[in-house]
>>> print(open('target_25.csv').read())   # CSV, C-alpha atoms
chain,number,residue,atom,x,y,z
A,18,MET,CA,0.0,0.0,0.0
A,19,ALA,CA,3.0,2.3,0.3
A,20,SER,CA,2.7,5.5,-1.6
A,21,LYS,CA,-0.9,4.9,-2.5
A,22,LYS,CA,-3.3,7.8,-2.3
A,23,VAL,CA,-6.6,7.5,-0.6
A,24,LEU,CA,-9.5,10.0,-0.6
A,25,ILE,CA,-12.1,9.7,2.1
A,26,VAL,CA,-15.3,11.6,1.3
A,27,TYR,CA,-17.0,12.0,4.7
A,28,ALA,CA,-20.5,13.2,5.6
A,29,HIS,CA,-21.5,13.5,9.2
A,30,GLN,CA,-22.2,16.6,11.2
A,31,SER,CA,-20.6,15.5,14.5
A,32,SER,CA,-17.0,14.8,15.5
A,33,GLY,CA,-18.4,12.6,18.3
A,34,SER,CA,-20.3,10.2,15.9
A,35,PHE,CA,-19.5,6.6,15.1
A,36,ASN,CA,-19.0,7.7,11.5
A,37,SER,CA,-16.3,10.1,12.6
A,38,ALA,CA,-14.7,7.3,14.6
A,39,ALA,CA,-14.8,5.1,11.5
A,40,LYS,CA,-13.3,7.8,9.4
A,41,ASP,CA,-10.5,8.4,12.0
A,42,ALA,CA,-9.8,4.7,12.2
A,43,ALA,CA,-9.3,4.6,8.4
A,44,VAL,CA,-7.1,7.6,8.4
A,45,GLU,CA,-4.9,6.2,11.1
A,46,ALA,CA,-4.7,2.7,9.7
A,47,LEU,CA,-4.0,3.7,6.1
A,48,THR,CA,-1.5,6.4,7.1
A,49,ALA,CA,0.3,3.7,9.2
A,50,LYS,CA,0.5,1.5,6.1
A,51,GLY,CA,2.2,4.3,4.2
A,52,CYS,CA,-0.7,5.7,2.3
A,53,ALA,CA,-1.3,9.5,1.7
A,54,VAL,CA,-4.8,10.1,3.0
A,55,GLU,CA,-7.0,13.2,2.2
A,56,VAL,CA,-10.4,13.8,3.8
A,57,SER,CA,-13.2,15.8,2.3
A,58,ASP,CA,-15.3,16.7,5.3
A,59,LEU,CA,-18.4,17.8,3.5
A,60,TYR,CA,-20.3,19.4,6.3
A,61,ALA,CA,-17.3,21.2,7.7
A,62,MET,CA,-16.5,22.4,4.2
A,63,LYS,CA,-20.1,23.6,3.9
A,64,PHE,CA,-20.0,21.8,0.5
A,65,LYS,CA,-22.8,23.0,-1.8
A,66,ALA,CA,-25.2,20.1,-2.5
A,67,THR,CA,-27.3,21.6,-5.3
A,68,ALA,CA,-26.2,21.3,-9.0
A,69,THR,CA,-26.9,24.7,-10.5
A,70,ALA,CA,-25.6,27.2,-13.0
A,71,GLU,CA,-23.6,28.8,-10.2
A,72,ASP,CA,-21.2,25.9,-10.6
A,73,ILE,CA,-19.9,27.6,-13.7
A,74,THR,CA,-17.8,30.8,-13.5
A,75,GLY,CA,-17.9,31.7,-17.1
A,76,GLU,CA,-20.7,32.1,-19.7
A,77,VAL,CA,-23.1,29.3,-20.2
A,78,LYS,CA,-24.0,28.1,-23.7
A,79,ASN,CA,-27.7,28.2,-23.3
A,80,ALA,CA,-29.1,30.1,-20.3
A,81,ASP,CA,-32.7,29.8,-21.5
A,82,HIS,CA,-32.6,26.0,-21.6
A,83,PHE,CA,-29.9,25.2,-19.1
A,84,CYS,CA,-28.7,21.6,-19.2
A,85,TYR,CA,-26.4,20.9,-16.3
A,86,GLY,CA,-24.6,17.8,-17.8
A,87,GLU,CA,-23.8,19.5,-21.1
A,88,GLU,CA,-22.9,22.9,-19.6
A,89,THR,CA,-20.6,21.4,-16.9
A,90,LYS,CA,-18.9,19.3,-19.6
A,91,LEU,CA,-18.1,22.5,-21.5
A,92,ALA,CA,-17.1,24.3,-18.3
A,93,TRP,CA,-14.8,21.4,-17.4
A,94,GLU,CA,-13.2,21.5,-20.8
A,95,ALA,CA,-12.8,25.3,-20.5
A,96,GLY,CA,-11.6,25.3,-16.9
A,97,THR,CA,-14.5,27.4,-15.8
A,98,LEU,CA,-16.0,25.1,-13.1
A,99,THR,CA,-16.0,26.6,-9.6
A,100,ALA,CA,-13.0,26.1,-7.3
A,101,ASP,CA,-14.8,23.8,-4.9
A,102,ILE,CA,-15.5,21.3,-7.8
A,103,THR,CA,-12.1,21.6,-9.4
A,104,GLU,CA,-10.4,20.9,-6.0
A,105,GLU,CA,-12.5,17.8,-5.4
A,106,GLN,CA,-11.7,16.6,-9.0
A,107,ARG,CA,-8.0,17.1,-8.3
A,108,LYS,CA,-8.3,14.9,-5.2
A,109,LEU,CA,-10.2,12.3,-7.2
A,110,THR,CA,-7.7,12.3,-10.0
A,111,GLU,CA,-4.8,11.7,-7.7
A,112,ALA,CA,-6.6,9.0,-5.6
A,113,ASP,CA,-6.0,5.3,-6.0
A,114,LEU,CA,-8.9,4.5,-3.6
A,115,VAL,CA,-12.0,6.5,-2.7
A,116,ILE,CA,-13.9,5.7,0.5
A,117,PHE,CA,-17.3,7.2,1.0
A,118,GLN,CA,-18.0,7.3,4.8
A,119,PHE,CA,-21.6,8.2,5.8
A,120,PRO,CA,-24.7,7.3,7.7
A,121,MET,CA,-27.4,5.8,5.4
A,122,TYR,CA,-30.2,8.3,5.0
A,123,TRP,CA,-33.5,7.0,3.5
A,124,PHE,CA,-31.7,4.0,1.9
A,125,THR,CA,-29.0,6.1,0.2
A,126,VAL,CA,-26.3,8.7,0.9
A,127,PRO,CA,-27.0,12.1,2.7
A,128,ALA,CA,-27.9,15.0,0.4
A,129,VAL,CA,-24.5,16.7,0.8
A,130,MET,CA,-22.8,13.5,-0.4
A,131,LYS,CA,-25.2,13.1,-3.3
A,132,GLY,CA,-24.4,16.7,-4.1
A,133,TRP,CA,-20.7,15.8,-4.2
A,134,MET,CA,-21.4,13.0,-6.6
A,135,ASP,CA,-23.7,15.2,-8.8
A,136,ARG,CA,-21.3,18.1,-9.0
A,137,VAL,CA,-17.9,16.5,-9.0
A,138,LEU,CA,-18.5,13.5,-11.3
A,139,THR,CA,-19.1,15.7,-14.3
A,140,LEU,CA,-19.7,14.6,-17.8
A,141,GLY,CA,-16.3,14.5,-19.6
A,142,PHE,CA,-14.3,14.3,-16.3
A,143,ALA,CA,-15.9,11.2,-14.8
A,144,PHE,CA,-17.7,9.5,-17.7
A,145,THR,CA,-18.6,9.8,-21.4
A,146,HIS,CA,-21.0,7.8,-23.6
A,147,GLU,CA,-18.0,5.7,-24.7
A,148,LYS,CA,-16.2,5.5,-21.4
A,149,ARG,CA,-18.4,4.0,-18.7
A,150,TYR,CA,-19.0,0.9,-16.7
A,151,SER,CA,-16.2,-1.7,-17.2
A,152,GLN,CA,-14.6,0.7,-19.8
A,153,GLY,CA,-15.0,3.7,-17.6
A,154,ILE,CA,-12.6,6.6,-17.0
A,155,PHE,CA,-11.8,5.5,-13.4
A,156,LYS,CA,-11.2,1.8,-14.2
A,157,ASP,CA,-7.8,1.8,-12.6
A,158,LYS,CA,-9.2,3.2,-9.4
A,159,LYS,CA,-11.0,1.5,-6.5
A,160,ALA,CA,-13.9,2.9,-4.6
A,161,MET,CA,-16.1,1.7,-1.7
A,162,LEU,CA,-19.0,2.6,0.6
A,163,SER,CA,-18.5,2.5,4.3
A,164,PHE,CA,-21.7,3.4,6.2
A,165,THR,CA,-23.8,3.0,9.3
A,166,THR,CA,-27.5,1.9,9.3
A,167,GLY,CA,-30.2,2.7,11.7
A,168,SER,CA,-31.8,-0.7,11.2
A,169,GLN,CA,-30.6,-4.1,12.3
A,170,GLU,CA,-29.0,-6.4,9.7
A,171,SER,CA,-32.0,-8.8,9.8
A,172,MET,CA,-34.2,-6.0,8.6
A,173,PHE,CA,-32.1,-5.6,5.4
A,174,SER,CA,-32.3,-9.3,4.5
A,175,ALA,CA,-34.2,-11.0,1.6
A,176,ASP,CA,-37.1,-11.6,4.0
A,177,GLY,CA,-36.7,-8.5,6.1
A,178,ILE,CA,-39.0,-5.5,6.2
A,179,ASN,CA,-36.4,-3.2,4.5
A,180,GLY,CA,-35.7,-5.7,1.8
A,181,ASP,CA,-32.4,-7.1,0.5
A,182,MET,CA,-29.4,-4.8,1.1
A,183,ASN,CA,-27.9,-6.0,-2.1
A,184,VAL,CA,-30.9,-4.4,-3.9
A,185,THR,CA,-30.5,-1.2,-1.9
A,186,LEU,CA,-26.8,-0.9,-2.9
A,187,TRP,CA,-27.3,-1.5,-6.6
A,188,PRO,CA,-28.1,2.1,-7.6
A,189,LEU,CA,-25.1,3.5,-5.7
A,190,GLN,CA,-22.5,0.8,-6.5
A,191,ASN,CA,-23.5,0.1,-10.1
A,192,GLY,CA,-25.3,3.3,-11.1
A,193,ILE,CA,-22.7,5.7,-9.8
A,194,LEU,CA,-19.4,4.1,-8.9
A,195,HIS,CA,-19.1,1.3,-11.5
A,196,TYR,CA,-20.8,3.6,-14.1
A,197,CYS,CA,-17.7,5.8,-13.7
A,198,GLY,CA,-15.5,2.8,-14.1
A,199,PHE,CA,-14.4,2.3,-10.5
A,200,GLN,CA,-13.5,-1.2,-9.3
A,201,VAL,CA,-16.0,-1.4,-6.5
A,202,LEU,CA,-14.8,-3.0,-3.3
A,203,ALA,CA,-17.3,-4.8,-1.0
A,204,PRO,CA,-19.0,-2.3,1.3
A,205,GLN,CA,-18.1,-1.9,5.0
A,206,ILE,CA,-21.5,-1.9,6.7
A,207,PHE,CA,-21.8,-1.0,10.4
A,208,TRP,CA,-25.2,-2.4,11.4
A,209,ALA,CA,-27.2,-0.1,13.7
A,210,PRO,CA,-24.2,1.0,15.9
A,211,SER,CA,-26.5,3.3,17.9
A,212,HIS,CA,-28.5,0.3,19.1
A,213,VAL,CA,-25.6,-1.8,20.4
A,214,PRO,CA,-23.4,-1.6,23.5
A,215,SER,CA,-20.1,0.4,23.3
A,216,GLU,CA,-18.1,-2.8,23.4
A,217,ALA,CA,-19.8,-4.0,20.2
A,218,ARG,CA,-19.1,-0.6,18.5
A,219,GLY,CA,-15.4,-1.1,19.5
A,220,THR,CA,-15.5,-4.5,17.9
A,221,MET,CA,-16.9,-3.1,14.7
A,222,LEU,CA,-14.1,-0.5,14.5
A,223,GLU,CA,-11.5,-3.1,15.2
A,224,GLY,CA,-12.9,-5.2,12.3
A,225,TRP,CA,-12.6,-2.1,10.1
A,226,ARG,CA,-9.0,-1.5,11.2
A,227,THR,CA,-8.2,-5.2,10.4
A,228,ARG,CA,-9.7,-5.0,7.0
A,229,MET,CA,-7.7,-1.9,6.2
A,230,GLN,CA,-4.5,-3.9,6.3
A,231,GLY,CA,-5.2,-5.6,3.0
A,232,LEU,CA,-7.9,-3.3,1.6
A,233,LEU,CA,-6.1,-2.1,-1.6
A,234,GLY,CA,-5.4,-5.7,-2.5
A,235,GLU,CA,-9.0,-6.9,-2.3
A,236,ASN,CA,-10.8,-8.2,-5.4
A,237,PRO,CA,-13.7,-6.0,-6.5
A,238,LEU,CA,-17.3,-6.9,-6.7
A,239,ALA,CA,-18.4,-8.6,-10.0
A,240,PHE,CA,-20.3,-6.6,-12.6
A,241,THR,CA,-21.2,-7.7,-16.2
A,242,PRO,CA,-18.7,-6.2,-18.6
A,243,LEU,CA,-19.9,-3.6,-21.1
A,244,ASP,CA,-18.9,-5.7,-24.1
A,245,CYS,CA,-21.6,-8.3,-23.0
A,246,PHE,CA,-24.2,-5.8,-24.1
A,247,ASP,CA,-25.1,-4.8,-27.7
A,248,GLY,CA,-24.8,-1.0,-28.1
A,249,GLU,CA,-26.7,-1.1,-31.4
A,250,LYS,CA,-29.7,-2.8,-29.9
A,251,GLY,CA,-30.3,-0.6,-26.8
A,252,TYR,CA,-27.5,-2.2,-24.8
A,253,GLN,CA,-29.4,-5.4,-24.4
A,254,LEU,CA,-27.5,-8.5,-23.2
A,255,LYS,CA,-26.0,-10.2,-26.3
A,256,PRO,CA,-27.8,-13.5,-27.2
A,257,GLU,CA,-24.6,-15.6,-26.7
A,258,VAL,CA,-24.3,-14.3,-23.1
A,259,HIS,CA,-28.0,-15.1,-22.5
A,260,GLU,CA,-27.5,-18.6,-23.8
A,261,LYS,CA,-24.4,-19.2,-21.7
A,262,HIS,CA,-26.4,-18.4,-18.6
A,263,ALA,CA,-29.7,-20.0,-19.6
A,264,ALA,CA,-29.2,-23.1,-17.4
A,265,LYS,CA,-27.8,-21.3,-14.4
A,266,GLU,CA,-29.8,-20.9,-11.2
A,267,PHE,CA,-29.0,-17.2,-10.6
A,268,GLY,CA,-29.0,-14.1,-12.7
A,269,LEU,CA,-25.8,-12.3,-13.6
A,270,THR,CA,-26.1,-9.5,-11.1
A,271,VAL,CA,-28.7,-7.8,-8.9
A,272,GLY,CA,-29.8,-5.6,-11.8
A,273,THR,CA,-29.2,-7.9,-14.7
A,274,HIS,CA,-31.0,-10.8,-13.2
A,275,LEU,CA,-32.5,-12.3,-16.3
A,276,GLY,CA,-35.7,-13.0,-14.4
A,277,LYS,CA,-33.9,-15.5,-12.2
A,278,ALA,CA,-33.1,-15.5,-8.5
A,279,LEU,CA,-30.7,-12.8,-7.5
A,280,PRO,CA,-27.1,-14.0,-7.1
A,281,PRO,CA,-26.6,-14.1,-3.3
A,282,ASN,CA,-24.5,-11.2,-1.9
A,283,ASN,CA,-23.7,-9.9,-5.3
A,284,GLN,CA,-23.4,-6.3,-4.0
A,285,MET,CA,-21.9,-7.2,-0.6
A,286,LYS,CA,-19.2,-9.8,-1.2
A,287,ALA,CA,-16.5,-10.2,-3.9
A,288,GLY,CA,-16.1,-13.5,-5.7
A,289,VAL,CA,-19.8,-14.4,-5.7
>>> encode(input="target_25.csv", output="structure tokens")
Amino acid sequence: MASKKVLIVYAHQSSGSFNSAAKDAAVEALTAKGCAVEVSDLYAMKFKATATAEDITGEVKNADHFCYGEETKLAWEAGTLTADITEEQRKLTEADLVIFQFPMYWFTVPAVMKGWMDRVLTLGFAFTHEKRYSQGIFKDKKAMLSFTTGSQESMFSADGINGDMNVTLWPLQNGILHYCGFQVLAPQIFWAPSHVPSEARGTMLEGWRTRMQGLLGENPLAFTPLDCFDGEKGYQLKPEVHEKHAAKEFGLTVGTHLGKALPPNNQMKAGV
């Protein structure tokens, strides 16, 4: 891990929180391994969450019909994105690994972290029509989610009231991280730390510190490669790939399930 660069994008309001402790544990463990670690503390930075025309310092192409994706692509090319965005893009460009540390809000990331994703992962910089998914711009980088839940693990199971956590994670891990090309490491999930004794929280943090020792060497989660889909036919799975999996019990992934049972732990464990 020596000389590797890690960016932790962190979203919690309190320095006394479990999320803060998890962030600090990562900084300490990775720094001790020789990594250079940067933290973007989004609340402390008062990071702007809304994607608006104010994110561009120069003239926009079409003010009457403002299209954020197209306008920020042009601004990125022209060097006219605001300083807060360009600074985060610099950190991301330099990073070998990005860790998103947050409390799960409404089954997803807090608004300020979603704003970071909306504003920093601009068209052109983070993805293009040609460069996405397994052929994405960040295919040589790794990224992962590390988060706390308010609900117990049993509630996020296939027969739990919240539903399967693998399904919950698909939009974030496939639709954002893998879409930009990242190799997505298995998430670090801290189940309901506010509802367990302090000793149990200490055990959770110790497990996170232990995982950190080999984190950058972990294999990523499995996603179906882009070339398995036919771009001329609406990016449908190619017939030969369909045929190859016709007799298999499970679908390819949580999203591309082929009408079959979901592959167990597809978004939570590598190598499955």
>>> closest_residue(input="target_25.csv", among="A:Glu71, A:Glu88, A:Glu55, A:Glu147", to="Leu109 of chain A", atoms="all atoms listed in the file")
A:Glu55
>>> residues_near_point(input="target_25.csv", point="(-12.6, 1.9, 13.5)", cutoff="8 Å", atoms="only C-alpha atoms", output="list in words")
Ala38, Ala39, Lys40, Asp41, Ala42, Ala43, Gly219, Met221, Leu222, Glu223, Gly224, Trp225 and Arg226 of chain A
>>> residues_around(input="target_25.csv", residues="Val184 of chain A", least_positions_apart="4", cutoff="9 Å", atoms="all atoms listed in the file", output="JSON, numbers by chain")
{"A": [180, 188, 271, 272, 284]}
>>> atom_distance(input="target_25.csv", atom1="atom CA of Phe267 of chain A", atom2="atom CA of Met182 of chain A")
17.1 Å
>>> atom_distance(input="target_25.csv", atom1="atom CA of Lys265 of chain A", atom2="atom CA of Leu279 of chain A")
11.3 Å
>>> residues_around(input="target_25.csv", residues="Gln230 of chain A", least_positions_apart="3", cutoff="8 Å", atoms="only C-alpha atoms", output="list of chain:residue names")
A:Ala46, A:Leu47, A:Lys50, A:Arg226, A:Thr227
>>> residues_near_point(input="target_25.csv", point="(-29.6, -6.5, 2.0)", cutoff="12 Å", atoms="only C-alpha atoms", output="PyMOL selection string")
chain A and resi 124+166+168-187+204+206+208+271+279+281-286
>>> write_last_selection(input="target_25.csv", atoms="C-alpha atoms", output="short mmCIF file (atom, residue, chain, number, x, y, z; two decimals), keeping the file's coordinate frame")
data_model
loop_
_atom_site.label_atom_id
_atom_site.label_comp_id
_atom_site.auth_asym_id
_atom_site.auth_seq_id
_atom_site.Cartn_x
_atom_site.Cartn_y
_atom_site.Cartn_z
CA PHE A 124 -31.70 4.00 1.90
CA THR A 166 -27.50 1.90 9.30
CA SER A 168 -31.80 -0.70 11.20
CA GLN A 169 -30.60 -4.10 12.30
CA GLU A 170 -29.00 -6.40 9.70
CA SER A 171 -32.00 -8.80 9.80
CA MET A 172 -34.20 -6.00 8.60
CA PHE A 173 -32.10 -5.60 5.40
CA SER A 174 -32.30 -9.30 4.50
CA ALA A 175 -34.20 -11.00 1.60
CA ASP A 176 -37.10 -11.60 4.00
CA GLY A 177 -36.70 -8.50 6.10
CA ILE A 178 -39.00 -5.50 6.20
CA ASN A 179 -36.40 -3.20 4.50
CA GLY A 180 -35.70 -5.70 1.80
CA ASP A 181 -32.40 -7.10 0.50
CA MET A 182 -29.40 -4.80 1.10
CA ASN A 183 -27.90 -6.00 -2.10
CA VAL A 184 -30.90 -4.40 -3.90
CA THR A 185 -30.50 -1.20 -1.90
CA LEU A 186 -26.80 -0.90 -2.90
CA TRP A 187 -27.30 -1.50 -6.60
CA PRO A 204 -19.00 -2.30 1.30
CA ILE A 206 -21.50 -1.90 6.70
CA TRP A 208 -25.20 -2.40 11.40
CA VAL A 271 -28.70 -7.80 -8.90
CA LEU A 279 -30.70 -12.80 -7.50
CA PRO A 281 -26.60 -14.10 -3.30
CA ASN A 282 -24.50 -11.20 -1.90
CA ASN A 283 -23.70 -9.90 -5.30
CA GLN A 284 -23.40 -6.30 -4.00
CA MET A 285 -21.90 -7.20 -0.60
CA LYS A 286 -19.20 -9.80 -1.20
#
>>> closest_residue(input="target_25.csv", among="A:Phe35, A:Phe155, A:Trp93, A:Phe164", to="Glu111 of chain A", atoms="all atoms listed in the file")
A:Phe155
>>> atom_distance(input="target_25.csv", atom1="atom CA of Leu269 of chain A", atom2="atom CA of Phe240 of chain A")
8.0 Å
>>> closest_residue(input="target_25.csv", among="A:Leu140, A:Ala112, A:Leu162, A:Leu98", to="Cys52 of chain A", atoms="only C-alpha atoms")
A:Ala112
>>> residues_around(input="target_25.csv", residues="Arg107 of chain A", least_positions_apart="4", cutoff="12 Å", atoms="all atoms listed in the file", output="ChimeraX atom specification")
/A:24,55,57,100-103,111-112,137-138,142-143
>>> closest_residue(input="target_25.csv", among="A:His29, A:Lys148, A:His195, A:Lys131", to="Met161 of chain A", atoms="all atoms listed in the file")
A:His195
>>> closest_residue(input="target_25.csv", among="A:Tyr252, A:Ala49, A:Ser31, A:Asn79", to="Ala61 of chain A", atoms="only C-alpha atoms")
A:Ser31
>>> closest_residue(input="target_25.csv", among="A:Thr145, A:Lys78, A:Pro120, A:Lys90", to="Gly167 of chain A", atoms="only C-alpha atoms")
A:Pro120
